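A.B. asks: My structure file my_file.pdb, PDB, C-alpha atoms and all ligand atoms, is below:
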```pdb
ATOM      1  CA  MET A   1      16.158 -15.249 -34.004
ATOM      2  CA  ILE A   2      12.559 -16.412 -34.216
ATOM      3  CA  LEU A   3      12.616 -17.105 -30.499
ATOM      4  CA  LEU A   4      13.887 -13.594 -29.869
ATOM      5  CA  LEU A   5      11.073 -12.139 -31.958
ATOM      6  CA  ILE A   6       8.500 -14.195 -30.099
ATOM      7  CA  ILE A   7       9.886 -13.017 -26.768
ATOM      8  CA  LEU A   8      10.000  -9.379 -27.834
ATOM      9  CA  ASN A   9       6.495  -9.638 -29.189
ATOM     10  CA  SER A  10       5.058 -11.152 -26.053
ATOM     11  CA  LEU A  11       6.807  -8.559 -23.917
ATOM     12  CA  GLN A  12       5.299  -5.771 -25.984
ATOM     13  CA  GLY A  13       1.907  -7.451 -25.967
ATOM     14  CA  SER A  14       1.781  -7.780 -22.229
ATOM     15  CA  HIS A  15       3.074  -4.244 -21.830
ATOM     16  CA  ALA A  16       0.208  -2.793 -23.821
ATOM     17  CA  GLY A  17      -2.381  -5.135 -22.356
ATOM     18  CA  LEU A  18      -1.373  -4.389 -18.808
ATOM     19  CA  SER A  19      -1.595  -0.666 -19.093
ATOM     20  CA  ASP A  20      -4.954  -0.637 -17.371
ATOM     21  CA  VAL A  21      -4.017  -2.436 -14.224
ATOM     22  CA  SER A  22      -1.030  -0.729 -12.724
ATOM     23  CA  TRP A  23       1.423   2.044 -12.549
ATOM     24  CA  SER A  24       3.877   1.368 -15.372
ATOM     25  CA  PHE A  25       6.711  -0.984 -14.475
ATOM     26  CA  ASP A  26       8.852   2.084 -13.749
ATOM     27  CA  GLY A  27       6.189   3.513 -11.442
ATOM     28  CA  HIS A  28       6.313   0.317  -9.389
ATOM     29  CA  ARG A  29      10.105   0.248  -9.398
ATOM     30  CA  ILE A  30      10.209   3.852  -8.150
ATOM     31  CA  VAL A  31       7.791   3.149  -5.277
ATOM     32  CA  CYS A  32       9.651   0.018  -4.219
ATOM     33  CA  GLU A  33      13.077   1.630  -4.440
ATOM     34  CA  ILE A  34      11.875   4.432  -2.150
ATOM     35  CA  ALA A  35      10.558   1.764   0.223
ATOM     36  CA  TRP A  36      13.781  -0.246   0.073
ATOM     37  CA  GLN A  37      15.859   2.795   1.060
ATOM     38  CA  ASN A  38      13.623   3.210   4.114
ATOM     39  CA  LEU A  39      13.763  -0.348   5.448
ATOM     40  CA  THR A  40      15.680  -1.074   8.628
ATOM     41  CA  PRO A  41      18.850  -3.151   8.141
ATOM     42  CA  ALA A  42      17.210  -6.197   9.765
ATOM     43  CA  VAL A  43      14.144  -5.983   7.546
ATOM     44  CA  LYS A  44      16.337  -5.551   4.455
ATOM     45  CA  ASN A  45      17.944  -8.854   5.438
ATOM     46  CA  SER A  46      14.546 -10.552   5.771
ATOM     47  CA  VAL A  47      13.530  -9.248   2.343
ATOM     48  CA  ARG A  48      16.834 -10.455   0.857
ATOM     49  CA  ALA A  49      16.308 -13.871   2.461
ATOM     50  CA  LEU A  50      12.811 -14.207   0.996
ATOM     51  CA  LEU A  51      13.968 -13.044  -2.460
ATOM     52  CA  SER A  52      16.848 -15.536  -2.425
ATOM     53  CA  GLY A  53      14.127 -18.142  -3.043
ATOM     54  CA  ASP A  54      13.064 -16.354  -6.232
ATOM     55  CA  SER A  55      14.950 -17.092  -9.448
ATOM     56  CA  ALA A  56      13.453 -14.159 -11.353
ATOM     57  CA  TYR A  57      14.170 -11.160  -9.115
ATOM     58  CA  ASP A  58      17.347 -10.164  -7.265
ATOM     59  CA  ARG A  59      16.190  -6.734  -6.167
ATOM     60  CA  PHE A  60      13.077  -5.813  -4.250
ATOM     61  CA  SER A  61      12.325  -2.940  -6.647
ATOM     62  CA  GLU A  62      12.260  -5.386  -9.578
ATOM     63  CA  SER A  63      10.088  -7.924  -7.757
ATOM     64  CA  CYS A  64       7.318  -5.336  -7.474
ATOM     65  CA  ILE A  65       6.270  -5.870 -11.109
ATOM     66  CA  TRP A  66       5.639  -9.595 -10.587
ATOM     67  CA  ALA A  67       1.931  -9.187  -9.769
ATOM     68  CA  ASP A  68       1.403  -7.830 -13.296
ATOM     69  CA  VAL A  69       3.566 -10.496 -14.934
ATOM     70  CA  ILE A  70       1.455 -13.369 -13.486
ATOM     71  CA  ARG A  71      -1.847 -11.589 -13.925
ATOM     72  CA  ARG A  72      -3.190 -13.878 -16.642
ATOM     73  CA  GLU A  73      -2.167 -17.150 -15.000
ATOM     74  CA  SER A  74      -5.180 -19.173 -13.911
ATOM     75  CA  GLN A  75      -3.704 -20.096 -10.516
ATOM     76  CA  TYR A  76      -3.741 -16.379  -9.630
ATOM     77  CA  GLU A  77      -7.248 -15.680 -10.914
ATOM     78  CA  ARG A  78      -8.383 -14.464  -7.466
ATOM     79  CA  PHE A  79      -5.976 -11.540  -7.832
ATOM     80  CA  VAL A  80      -7.272 -10.210 -11.149
ATOM     81  CA  THR A  81      -9.325  -7.582  -9.305
ATOM     82  CA  ALA A  82      -6.806  -7.036  -6.504
ATOM     83  CA  HIS A  83      -5.129  -4.067  -8.234
ATOM     84  CA  TYR A  84      -7.975  -1.582  -7.717
ATOM     85  CA  VAL A  85     -11.290  -0.725  -6.098
ATOM     86  CA  ASN A  86     -14.168   1.303  -7.499
ATOM     87  CA  LEU A  87     -16.471   3.593  -5.502
ATOM     88  CA  PRO A  88     -19.711   5.444  -6.255
ATOM     89  CA  HIS A  89     -19.526   9.152  -7.155
ATOM     90  CA  GLY A  90     -19.687  11.590  -4.266
ATOM     91  CA  VAL A  91     -19.190   9.269  -1.310
ATOM     92  CA  GLU A  92     -16.858  10.255   1.539
ATOM     93  CA  GLY A  93     -14.694   7.208   1.142
ATOM     94  CA  ILE A  94     -14.433   3.458   0.929
ATOM     95  CA  ASP A  95     -16.947   1.110   2.532
ATOM     96  CA  LEU A  96     -15.645  -2.440   2.350
ATOM     97  CA  THR A  97     -19.087  -4.039   2.578
ATOM     98  CA  ARG A  98     -20.298  -1.873  -0.295
ATOM     99  CA  ASP A  99     -17.163  -1.642  -2.469
ATOM    100  CA  CYS A 100     -15.244  -4.814  -1.742
ATOM    101  CA  ALA A 101     -17.875  -7.499  -1.175
ATOM    102  CA  ASP A 102     -17.986  -9.244  -4.557
ATOM    103  CA  ASN A 103     -14.303  -9.709  -5.161
ATOM    104  CA  LEU A 104     -10.830  -9.241  -3.735
ATOM    105  CA  CYS A 105     -10.167  -5.504  -4.000
ATOM    106  CA  VAL A 106      -6.820  -3.813  -3.475
ATOM    107  CA  VAL A 107      -7.488  -2.861   0.152
ATOM    108  CA  LYS A 108      -8.465  -6.384   1.200
ATOM    109  CA  ALA A 109      -5.610  -7.855  -0.818
ATOM    110  CA  ILE A 110      -3.068  -5.743   1.091
ATOM    111  CA  THR A 111      -4.554  -6.706   4.476
ATOM    112  CA  GLU A 112      -4.753 -10.390   3.565
ATOM    113  CA  GLN A 113      -1.213 -10.582   2.180
ATOM    114  CA  THR A 114       0.181  -8.675   5.171
ATOM    115  CA  SER A 115      -1.226 -11.333   7.534
ATOM    116  CA  ILE A 116       0.441 -14.046   5.456
ATOM    117  CA  LEU A 117       3.770 -12.190   5.383
ATOM    118  CA  GLU A 118       3.943 -11.504   9.116
ATOM    119  CA  ASN A 119       2.939 -15.032  10.078
ATOM    120  CA  ARG A 120       6.180 -16.982  10.505
ATOM    121  CA  ALA A 121       4.127 -20.190  10.200
ATOM    122  CA  SER A 122       3.217 -19.399   6.554
ATOM    123  CA  THR A 123       5.262 -21.322   3.989
ATOM    124  CA  GLU A 124       8.286 -19.524   2.533
ATOM    125  CA  THR A 125       6.613 -19.610  -0.880
ATOM    126  CA  ALA A 126       3.485 -17.947   0.471
ATOM    127  CA  ARG A 127       5.545 -15.314   2.299
ATOM    128  CA  LEU A 128       7.621 -14.584  -0.814
ATOM    129  CA  GLU A 129       4.460 -14.145  -2.894
ATOM    130  CA  ALA A 130       2.943 -11.976  -0.156
ATOM    131  CA  LEU A 131       6.023  -9.730  -0.208
ATOM    132  CA  LYS A 132       5.769  -9.303  -3.982
ATOM    133  CA  PHE A 133       1.999  -8.753  -3.896
ATOM    134  CA  ILE A 134       2.253  -6.133  -1.135
ATOM    135  CA  GLY A 135       5.051  -4.242  -2.903
ATOM    136  CA  HIS A 136       2.863  -4.064  -5.993
ATOM    137  CA  PHE A 137      -0.565  -3.401  -4.463
ATOM    138  CA  VAL A 138       0.567  -0.632  -2.098
ATOM    139  CA  GLY A 139       1.921   1.079  -5.211
ATOM    140  CA  ASP A 140      -1.306   0.568  -7.150
ATOM    141  CA  LEU A 141      -3.429   1.898  -4.286
ATOM    142  CA  HIS A 142      -1.560   5.214  -4.573
ATOM    143  CA  GLN A 143      -2.320   5.582  -8.291
ATOM    144  CA  PRO A 144      -5.424   7.721  -7.747
ATOM    145  CA  LEU A 145      -7.455   6.085 -10.542
ATOM    146  CA  HIS A 146      -6.999   2.676  -8.923
ATOM    147  CA  VAL A 147      -9.595   4.039  -6.508
ATOM    148  CA  GLY A 148     -11.943   5.160  -9.233
ATOM    149  CA  TYR A 149     -15.368   4.706 -10.767
ATOM    150  CA  ALA A 150     -16.634   1.437 -12.233
ATOM    151  CA  GLU A 151     -18.460   3.196 -15.087
ATOM    152  CA  ASP A 152     -15.228   4.065 -16.934
ATOM    153  CA  ARG A 153     -13.082   1.376 -15.283
ATOM    154  CA  GLY A 154     -10.929   3.866 -13.440
ATOM    155  CA  GLY A 155     -10.434   6.102 -16.486
ATOM    156  CA  ASN A 156      -9.639   3.250 -18.889
ATOM    157  CA  SER A 157     -12.573   4.211 -21.104
ATOM    158  CA  THR A 158     -12.164   7.981 -20.788
ATOM    159  CA  ASP A 159     -10.209   9.023 -23.875
ATOM    160  CA  VAL A 160      -7.933  12.050 -23.842
ATOM    161  CA  THR A 161      -5.211  13.559 -25.987
ATOM    162  CA  ILE A 162      -2.030  14.300 -24.061
ATOM    163  CA  TRP A 163       0.728  16.265 -25.795
ATOM    164  CA  GLY A 164      -0.955  15.326 -29.065
ATOM    165  CA  GLU A 165      -1.067  11.565 -28.385
ATOM    166  CA  GLU A 166      -4.240   9.559 -27.933
ATOM    167  CA  ARG A 167      -4.393   7.882 -24.565
ATOM    168  CA  ASN A 168      -6.974   7.141 -21.928
ATOM    169  CA  LEU A 169      -6.970   8.905 -18.594
ATOM    170  CA  HIS A 170      -5.859   5.782 -16.769
ATOM    171  CA  GLN A 171      -2.773   5.437 -18.969
ATOM    172  CA  VAL A 172      -1.961   9.097 -18.397
ATOM    173  CA  TRP A 173      -1.686   8.423 -14.666
ATOM    174  CA  ASP A 174      -0.105   4.964 -14.964
ATOM    175  CA  ARG A 175       2.671   6.172 -17.234
ATOM    176  CA  SER A 176       2.486   9.369 -19.355
ATOM    177  CA  LEU A 177       3.020  11.788 -16.468
ATOM    178  CA  ILE A 178       5.904   9.698 -15.101
ATOM    179  CA  GLU A 179       7.532   9.327 -18.520
ATOM    180  CA  TYR A 180       7.418  13.054 -19.209
ATOM    181  CA  LYS A 181      10.119  13.560 -16.574
ATOM    182  CA  MET A 182      12.543  11.701 -18.878
ATOM    183  CA  LEU A 183      14.511  10.223 -15.999
ATOM    184  CA  SER A 184      15.492   6.608 -15.461
ATOM    185  CA  TRP A 185      13.475   5.017 -12.656
ATOM    186  CA  GLU A 186      16.611   4.953 -10.486
ATOM    187  CA  ALA A 187      17.211   8.673 -10.998
ATOM    188  CA  TYR A 188      13.544   9.519 -10.429
ATOM    189  CA  ALA A 189      13.487   7.468  -7.213
ATOM    190  CA  ALA A 190      16.653   9.186  -5.987
ATOM    191  CA  GLN A 191      15.198  12.606  -6.713
ATOM    192  CA  LEU A 192      11.952  11.826  -4.882
ATOM    193  CA  LEU A 193      13.831  10.311  -1.937
ATOM    194  CA  GLY A 194      15.736  13.575  -1.561
ATOM    195  CA  GLY A 195      12.465  15.472  -1.244
ATOM    196  CA  ILE A 196      10.979  13.519   1.683
ATOM    197  CA  SER A 197      11.081  15.351   5.024
ATOM    198  CA  ALA A 198      10.855  14.022   8.575
ATOM    199  CA  VAL A 199       7.428  15.645   8.912
ATOM    200  CA  ASP A 200       6.237  13.893   5.726
ATOM    201  CA  ARG A 201       7.279  10.527   7.135
ATOM    202  CA  THR A 202       5.416  11.013  10.410
ATOM    203  CA  LEU A 203       2.248  12.348   8.798
ATOM    204  CA  TRP A 204       2.090   9.711   6.062
ATOM    205  CA  ALA A 205       2.867   6.682   8.211
ATOM    206  CA  SER A 206       0.180   7.529  10.777
ATOM    207  CA  LYS A 207      -2.634   6.459   8.479
ATOM    208  CA  ASN A 208      -4.113   3.040   7.675
ATOM    209  CA  VAL A 209      -4.853   1.239   4.407
ATOM    210  CA  GLU A 210      -8.417   2.558   4.157
ATOM    211  CA  ASP A 211      -7.122   6.117   4.680
ATOM    212  CA  TRP A 212      -4.692   5.573   1.796
ATOM    213  CA  ALA A 213      -7.607   4.508  -0.420
ATOM    214  CA  ASN A 214      -9.632   7.544   0.647
ATOM    215  CA  GLU A 215      -6.793   9.921  -0.234
ATOM    216  CA  SER A 216      -6.569   8.416  -3.714
ATOM    217  CA  PHE A 217     -10.321   8.685  -4.098
ATOM    218  CA  GLN A 218     -10.318  12.369  -3.119
ATOM    219  CA  ILE A 219      -7.742  13.016  -5.843
ATOM    220  CA  THR A 220      -9.882  11.118  -8.343
ATOM    221  CA  GLU A 221     -12.970  13.074  -7.295
ATOM    222  CA  ASN A 222     -11.399  16.539  -7.259
ATOM    223  CA  TYR A 223      -8.572  16.756  -9.807
ATOM    224  CA  ILE A 224      -8.171  13.929 -12.280
ATOM    225  CA  TYR A 225     -11.184  14.519 -14.511
ATOM    226  CA  ASP A 226     -10.524  18.252 -14.858
ATOM    227  CA  VAL A 227      -9.469  17.878 -18.497
ATOM    228  CA  GLY A 228     -11.521  20.619 -20.152
ATOM    229  CA  PRO A 229     -14.323  20.193 -22.714
ATOM    230  CA  ASP A 230     -12.161  18.832 -25.559
ATOM    231  CA  ALA A 231     -10.052  16.567 -23.289
ATOM    232  CA  GLU A 232      -6.828  17.848 -24.855
ATOM    233  CA  ILE A 233      -4.286  18.051 -22.086
ATOM    234  CA  GLY A 234      -0.610  18.892 -21.865
ATOM    235  CA  ASP A 235       1.641  21.202 -19.880
ATOM    236  CA  ASP A 236      -1.177  22.805 -17.863
ATOM    237  CA  TYR A 237      -2.522  19.467 -16.693
ATOM    238  CA  TYR A 238       1.003  18.211 -16.007
ATOM    239  CA  LEU A 239       1.991  21.250 -13.959
ATOM    240  CA  THR A 240      -1.285  21.240 -12.028
ATOM    241  CA  ASN A 241      -0.919  17.584 -11.086
ATOM    242  CA  LEU A 242       2.829  17.024 -10.844
ATOM    243  CA  HIS A 243       2.970  17.706  -7.120
ATOM    244  CA  THR A 244       0.117  15.242  -6.511
ATOM    245  CA  LEU A 245       1.695  12.575  -8.721
ATOM    246  CA  GLU A 246       5.064  12.824  -6.992
ATOM    247  CA  GLU A 247       3.548  12.981  -3.516
ATOM    248  CA  GLN A 248       1.602   9.787  -4.251
ATOM    249  CA  LEU A 249       4.807   8.006  -5.345
ATOM    250  CA  LYS A 250       6.626   9.181  -2.199
ATOM    251  CA  LYS A 251       3.725   8.302   0.118
ATOM    252  CA  ALA A 252       3.473   4.842  -1.410
ATOM    253  CA  GLY A 253       7.189   4.212  -0.832
ATOM    254  CA  ILE A 254       7.213   5.475   2.759
ATOM    255  CA  ARG A 255       4.029   3.613   3.697
ATOM    256  CA  LEU A 256       5.244   0.402   2.070
ATOM    257  CA  ALA A 257       8.466   0.674   4.093
ATOM    258  CA  ALA A 258       6.505   1.254   7.322
ATOM    259  CA  LEU A 259       4.276  -1.740   6.593
ATOM    260  CA  LEU A 260       7.253  -4.015   5.873
ATOM    261  CA  ASN A 261       9.298  -2.714   8.811
ATOM    262  CA  ASP A 262       6.368  -3.658  11.011
ATOM    263  CA  ALA A 263       5.438  -6.996   9.405
ATOM    264  CA  LEU A 264       9.012  -8.328   9.241
ATOM    265  CA  ARG A 265      10.464  -6.857  12.438
TER     266      ARG A 265
HETATM  267  N1  LIG A 301     -10.710  -2.135 -13.989
HETATM  268  C1  LIG A 301     -11.882  -1.722 -13.516
HETATM  269  N2  LIG A 301     -11.756  -0.652 -12.697
HETATM  270  C2  LIG A 301     -10.430  -0.392 -12.638
HETATM  271  C3  LIG A 301      -9.641   0.564 -11.965
HETATM  272  N3  LIG A 301     -10.200   1.492 -11.157
HETATM  273  N4  LIG A 301      -8.316   0.527 -12.139
HETATM  274  C4  LIG A 301      -7.764  -0.410 -12.937
HETATM  275  N5  LIG A 301      -8.427  -1.338 -13.601
HETATM  276  C5  LIG A 301      -9.753  -1.334 -13.466
HETATM  277 ZN    ZN A 302      -1.308  -3.531 -10.668
HETATM  278 ZN    ZN A 303      -3.221   1.197 -13.599
END
```
Before anything else, please render the file you have as structure tokens.
C.D. replies:
Amino acid sequence: MILLLIILNSLQGSHAGLSDVSWSFDGHRIVCEIAWQNLTPAVKNSVRALLSGDSAYDRFSESCIWADVIRRESQYERFVTAHYVNLPHGVEGIDLTRDCADNLCVVKAITEQTSILENRASTETARLEALKFIGHFVGDLHQPLHVGYAEDRGGNSTDVTIWGEERNLHQVWDRSLIEYKMLSWEAYAAQLLGGISAVDRTLWASKNVEDWANESFQITENYIYDVGPDAEIGDDYYLTNLHTLEEQLKKAGIRLAALLNDALR
């Protein structure tokens, strides 16, 4: 019983503490389920083979939360900053020498881990970790506030009230907007999958990792902070941004699939 309480407690603790660094667990599961459904049969087999060496995760969509689970472990300290990148106000887009020089940002992390994954000479352990990192970081890069401003840590220190509850803007985009749908992550993924057209696929997959970051940043610049003077948001904010939120989840899934189909082909 005591053990159970300790486990429950630590789960809750990490849940709350992690809210600044990622889509919610369900956000990541949705992105990775969309990706999974768009992998070629051969690449699905490669992913299954890599995951067979992992005792914690059977399904790809579940493995995408791993990068948050290990976030406090000292052996992964390099990756603490790999979930996001911050840019100055008003710039056109990301500049890796300006924005990504001091630490491993999300864009560099995706590029680095992709090289490890596609290199058949990497160890199986390194390739498995690369798979899990990529599944997570491609998701994070599509949460607009993961390409944000340093001054408020991507919205983490911008307080708002959403449907009467006190949150920060980052949490709103990590989880509140997704939760408001009241669907299981499986059902939400299925619904989003049904709304992806052939044109979407072609347009989205034709861009590179820096383009993905720039799209997120444009959303951050133009829409996210439009919360009114009292920062009390609700249905209006939700309805204004729902299309953007869902398009980001779909884009992340399709682009992740394209990346993996290429790296593991
Ligand atoms: N910490 C600092 N900046 C951040 C951001 N943009 N997203 C998540 N965590 C952060
Ligand atoms: Zn993350
Ligand atoms: Zn986050």
A.B. asks: Hey, could you make a per-residue contact list for chain A against ligand ZN 302 (chain A) with 7 Å as the cut-off, showing the nearest pair of atoms and its distance in Å to one decimal, counting all atoms listed in the file, sorted by chain and number, as JSON lines?
C.D. replies:
```
{"residue": "A:Val21", "atom": "CA", "partner": "A:ZN302", "partner_atom": "ZN", "distance": 4.6}
{"residue": "A:Ser22", "atom": "CA", "partner": "A:ZN302", "partner_atom": "ZN", "distance": 3.5}
{"residue": "A:Trp23", "atom": "CA", "partner": "A:ZN302", "partner_atom": "ZN", "distance": 6.5}
{"residue": "A:Ala67", "atom": "CA", "partner": "A:ZN302", "partner_atom": "ZN", "distance": 6.6}
{"residue": "A:Asp68", "atom": "CA", "partner": "A:ZN302", "partner_atom": "ZN", "distance": 5.7}
{"residue": "A:His83", "atom": "CA", "partner": "A:ZN302", "partner_atom": "ZN", "distance": 4.6}
{"residue": "A:His136", "atom": "CA", "partner": "A:ZN302", "partner_atom": "ZN", "distance": 6.3}
{"residue": "A:Phe137", "atom": "CA", "partner": "A:ZN302", "partner_atom": "ZN", "distance": 6.3}
{"residue": "A:Asp140", "atom": "CA", "partner": "A:ZN302", "partner_atom": "ZN", "distance": 5.4}
```
A.B. asks: Mind telling me what the PyMOL selection byres (((not hetatm)) within 9 of (chain A and resi 303)) catches here, as a ChimeraX atom specification?
C.D. replies: /A:18-24,83-84,140,143,145-146,154,156,170-171,173-175
A.B. asks: With all atoms listed in the file as the counted atoms, please give the residues lying no more than 12 Å from region 242-244 of chain A, apart from itself and same-chain residues fewer than 3 positions off, as JSON, numbers by chain.
C.D. replies: {"A": [142, 143, 144, 172, 173, 176, 177, 178, 179, 180, 181, 192, 195, 215, 216, 218, 219, 220, 222, 223, 224, 234, 235, 236, 237, 238, 239, 247, 248, 249, 250, 251]}
A.B. asks: Just how far from CA of Ser46 (chain A) is CA of Glu33 (chain A), in Å to one decimal?
C.D. replies: 16.0 Å
A.B. asks: Can you list, as a list in words, the residues that the PyMOL selection byres (((chain A and resi 256) around 9) and not hetatm) selects here?
C.D. replies: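 This file, filtered by the PyMOL selection byres (((chain A and resi 256) around 9) and not hetatm), leaves Val31, Cys32, Ile34, Ala35, Trp36, Ile134, Gly135, Val138, Gly139, Lys251, Ala252, Gly253, Ile254, Arg255, Ala257, Ala258, Leu259, Leu260 and Asn261 of chain A.
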A.B. asks: Find the spatial neighbours of Glu62 (chain A), counting only C-alpha atoms, within a cut-off of 10 Å - ignore same-chain residues fewer than 3 positions away - and output them as a ChimeraX atom specification.
C.D. replies: /A:25-26,28-30,32-33,56-59,65-66,132,135
A.B. asks: Can you sort out the box for ligand LIG 301 (chain A), edges along x, y and z, all listed atoms in, 5 Å on every side, with centre and edge lengths in Å to one decimal, as lines of an AutoDock Vina configuration file?
C.D. replies:
```
center_x = -9.8
center_y = -0.3
center_z = -12.6
size_x = 14.1
size_y = 13.6
size_z = 12.8
```
A.B. asks: Using all atoms listed in the file, can you tell me which of A:Asp230, A:Glu151, A:Asp99, A:Asp262 comes closest to Ala205 (chain A)?
C.D. replies: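 Comparing A:Asp230, A:Glu151, A:Asp99, A:Asp262 against Ala205 (chain A), the winner is A:Asp262.
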A.B. asks: Using all atoms listed in the file, which residue out of A:Tyr76, A:Phe133, A:Tyr149, A:Trp204 lies closest to ligand LIG 301 (chain A)?
C.D. replies: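 Smallest separation from ligand LIG 301 (chain A) among the options: A:Tyr149.
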A.B. asks: Pick out the closest residue to ligand LIG 301 (chain A) from this set: A:Arg48, A:Arg98, A:Arg127, A:Arg153. Count all atoms listed in the file.
C.D. replies: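 Of A:Arg48, A:Arg98, A:Arg127, A:Arg153, the one nearest ligand LIG 301 (chain A) is A:Arg153, counting all atoms listed in the file.
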A.B. asks: Taking all atoms listed in the file into account, which of A:Ala130, A:Ala42, A:Ala150, A:Val106 comes nearest ligand LIG 301 (chain A)?
C.D. replies: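 Closest residue, counting all atoms listed in the file: A:Ala150.
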A.B. asks: What's the separation between CA of Ala49 (chain A) and CA of Glu112 (chain A), in Å to one decimal place?
C.D. replies: 21.4 Å
A.B. asks: State, in Å with one decimal place, the distance from CA of Ser197 (chain A) to CA of Leu131 (chain A).
C.D. replies: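 Those two atoms sit 26.1 Å apart.
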A.B. asks: Using only C-alpha atoms, determine which residues lie at most 10 Å from Val91 (chain A), disregarding the query and same-chain residues fewer than 4 positions distant; provide the list as a PyMOL selection string.
C.D. replies: chain A and resi 87+95+214+217-218+221
A.B. asks: Please determine, counting only C-alpha atoms and all ligand atoms, which residue among A:Leu264, A:Leu245, A:Met182, A:Ala82 has the shortest atom-to-atom distance to ligand LIG 301 (chain A).
C.D. replies: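 Of A:Leu264, A:Leu245, A:Met182, A:Ala82, the one nearest ligand LIG 301 (chain A), counting only C-alpha atoms and all ligand atoms, is A:Ala82.
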A.B. asks: With a distance cut-off of 12 Å and all atoms listed in the file, select the neighbouring residues of Arg120 (chain A), excluding the residue or stretch itself and same-chain residues fewer than 4 positions from it, and output the selection as a PyMOL selection string.
C.D. replies: chain A and resi 46+50+114-116+124-128+263-265
A.B. asks: A:Ile110, A:Ala190, A:Ile162, A:Val80: which is nearest ligand LIG 301 (chain A), counting all atoms listed in the file?
C.D. replies: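 The answer is A:Val80, which sits nearest to ligand LIG 301 (chain A).
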A.B. asks: So that I can see what lies close to Asn103 (chain A), please list as an NGL selection string the residues with an atom at most 8 Å from it, counting all atoms listed in the file and leaving out residues fewer than 3 positions away in the same chain.
C.D. replies: :A and (78 or 81 or 100)
A.B. asks: Using the chain letters and numbers from the file, which residues does the PyMOL selection byres (((chain A and resi 161) around 9) and not hetatm) grab, as a list in words?
C.D. replies: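 With the shown file as input, the PyMOL selection byres (((chain A and resi 161) around 9) and not hetatm) matches Asp159, Val160, Ile162, Trp163, Gly164, Glu165, Glu166, Arg167, Asn168, Leu169, Asp230, Ala231, Glu232, Ile233 and Gly234 of chain A.
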